[in-house]
Amino acid sequence: MGKIFDVIIIGGSYAGLSAGMALGRSLRNVLIIDGGKPCNRQTPHSHNFITHDGKTPKEISDLAKEQVEKYETVHFHNGIAVKTVKTSEGFQVETENGEVFFAKKLILASGVKDVMPDIPGFSECWGISVIHCPYCHGYEVKGETTGILSNGEMLFEFSKLVYNLTKDLTLFTNGKADLSNEQIEILTKK
């Protein structure tokens, strides 16, 4: 039988490490399972993150992990959880290499998976020149020629936000535009 923990955290990036720290400080026996591939791994710099502005995502997570590792009750497993089963005692978690762990509680902090459109080169540029958040990256590209790939209400709202950062803005709908006549009129007046 595998080792029993108070809590298993699936995902060891910012949310998982934050949960691990809080639990470690409460002297809970914790296991953090993480595959080491955060969604922001190819982004060159993090911005709009107080005290970490301009640092790489890896620098931020390395520092967080270093701080969490100081708590003796927090343990790490490099791997990917592939199966969880609710048991009478809590949860059973199996990793891709067949290791099995048990815990009374389970935290899913596995983050997000960005779904890329089927456009050649798009994913390779993600987080570098294809940016997804004007709050995180907009300041660094203010005033530059910018395109927004979206449609409908999301395109309409996003364009108003980005227009504050650059007036040289092109909207790409990747097909027929799904905007109302009123939205088109507002967008073309700017």
# chains A, B, ... in the order shown; residues from 1 in each chain; ligands from 1
$ residues_around --residues "segment 130-132 of chain A" --least-positions-apart "3" --cutoff "10 Å" --atoms "only C-alpha atoms" --output "ChimeraX atom specification"
/A:43,114,121-127,135-138,141,146-149
$ residues_around --residues "Val74 of chain A" --least-positions-apart "3" --cutoff "10 Å" --atoms "only C-alpha atoms" --output "ChimeraX atom specification"
/A:5,7-8,17,20-21,23-25,27-32,68-71
$ select_by_dssp --residues "segment 88-156 of chain A" --states "alpha helix (DSSP H)" --output "number ranges by chain"
A: 122-125, 134-137, 152-156
$ write_last_selection --atoms "C-alpha atoms" --output "short mmCIF file (atom, residue, chain, number, x, y, z; two decimals), in the first residue's frame"
data_model
loop_
_atom_site.label_atom_id
_atom_site.label_comp_id
_atom_site.auth_asym_id
_atom_site.auth_seq_id
_atom_site.Cartn_x
_atom_site.Cartn_y
_atom_site.Cartn_z
CA PHE A 122 0.42 30.11 -33.40
CA SER A 123 1.37 27.83 -30.51
CA GLU A 124 5.10 28.47 -30.99
CA CYS A 125 4.46 32.21 -30.55
CA PRO A 134 -3.55 42.90 -22.03
CA TYR A 135 -3.04 43.31 -18.29
CA CYS A 136 -0.07 40.92 -18.29
CA HIS A 137 1.58 41.94 -21.56
CA GLY A 152 -18.57 38.16 -31.12
CA GLU A 153 -19.00 39.71 -27.69
CA MET A 154 -15.47 38.72 -26.59
CA LEU A 155 -13.95 40.50 -29.60
CA PHE A 156 -16.07 43.58 -28.99
#
$ residues_around --residues "Leu187 of chain A" --least-positions-apart "2" --cutoff "10 Å" --atoms "only C-alpha atoms" --output "list in words"
Phe156, Ser159, Lys160, Tyr163, Leu171, Asn181, Glu182, Gln183, Ile184, Glu185, Lys189 and Lys190 of chain A
$ write_last_selection --atoms "N, CA and C atoms" --output "mmCIF file, in the first residue's frame"
data_model
loop_
_atom_site.group_PDB
_atom_site.id
_atom_site.type_symbol
_atom_site.label_atom_id
_atom_site.label_comp_id
_atom_site.auth_asym_id
_atom_site.auth_seq_id
_atom_site.Cartn_x
_atom_site.Cartn_y
_atom_site.Cartn_z
ATOM 1 N N PHE A 156 -15.593 42.220 -29.223
ATOM 2 C CA PHE A 156 -16.072 43.577 -28.994
ATOM 3 C C PHE A 156 -15.500 44.146 -27.692
ATOM 4 N N SER A 159 -11.561 44.427 -27.739
ATOM 5 C CA SER A 159 -11.044 45.496 -28.592
ATOM 6 C C SER A 159 -11.125 46.843 -27.893
ATOM 7 N N LYS A 160 -12.163 47.083 -27.120
ATOM 8 C CA LYS A 160 -12.268 48.337 -26.378
ATOM 9 C C LYS A 160 -11.138 48.451 -25.348
ATOM 10 N N TYR A 163 -7.721 48.882 -27.323
ATOM 11 C CA TYR A 163 -7.662 50.172 -28.009
ATOM 12 C C TYR A 163 -7.056 51.250 -27.109
ATOM 13 N N LEU A 171 -8.809 43.744 -36.220
ATOM 14 C CA LEU A 171 -9.596 42.669 -35.626
ATOM 15 C C LEU A 171 -9.690 41.506 -36.609
ATOM 16 N N ASN A 181 -24.761 45.055 -35.693
ATOM 17 C CA ASN A 181 -24.555 46.301 -36.439
ATOM 18 C C ASN A 181 -24.143 47.424 -35.496
ATOM 19 N N GLU A 182 -24.743 47.452 -34.319
ATOM 20 C CA GLU A 182 -24.397 48.472 -33.322
ATOM 21 C C GLU A 182 -22.939 48.328 -32.880
ATOM 22 N N GLN A 183 -22.471 47.096 -32.643
ATOM 23 C CA GLN A 183 -21.077 46.877 -32.254
ATOM 24 C C GLN A 183 -20.125 47.311 -33.369
ATOM 25 N N ILE A 184 -20.458 46.982 -34.606
ATOM 26 C CA ILE A 184 -19.610 47.368 -35.747
ATOM 27 C C ILE A 184 -19.542 48.884 -35.843
ATOM 28 N N GLU A 185 -20.649 49.555 -35.664
ATOM 29 C CA GLU A 185 -20.686 51.024 -35.717
ATOM 30 C C GLU A 185 -19.795 51.625 -34.635
ATOM 31 N N LYS A 189 -16.060 53.727 -35.363
ATOM 32 C CA LYS A 189 -16.003 55.154 -35.013
ATOM 33 C C LYS A 189 -14.676 55.512 -34.373
ATOM 34 N N LYS A 190 -13.989 54.572 -33.787
ATOM 35 C CA LYS A 190 -12.758 54.860 -33.034
ATOM 36 C C LYS A 190 -11.616 55.209 -33.942
#
$ closest_residue --among "A:Lys142, A:Gly175, A:Val100, A:Lys105" --to "Ser88 of chain A" --atoms "only C-alpha atoms"
A:Lys105
$ closest_residue --among "A:Lys113, A:His52, A:Lys3, A:Lys65" --to "Ala15 of chain A" --atoms "only C-alpha atoms"
A:Lys65
$ select_by_dssp --residues "chain A" --states "strand (DSSP E or B)" --output "ChimeraX atom specification"
/A:4-10,30-34,74-78,81-86,91-95,100-108,126,130,146-149,169-172
$ closest_residue --among "A:Asp168, A:Tyr14, A:Lys83, A:Ile4" --to "Gln67 of chain A" --atoms "only C-alpha atoms"
A:Tyr14
$ atom_distance --atom1 "atom CA of Thr166 of chain A" --atom2 "atom CA of Cys133 of chain A"
14.2 Å
$ closest_residue --among "A:Asn174, A:Thr73, A:Thr56, A:Ala81" --to "Ala109 of chain A" --atoms "only C-alpha atoms"
A:Ala81
$ atom_distance --atom1 "atom CA of Thr170 of chain A" --atom2 "atom CA of Ile186 of chain A"
14.4 Å
$ atom_distance --atom1 "atom CA of His45 of chain A" --atom2 "atom CA of Ala22 of chain A"
26.4 Å
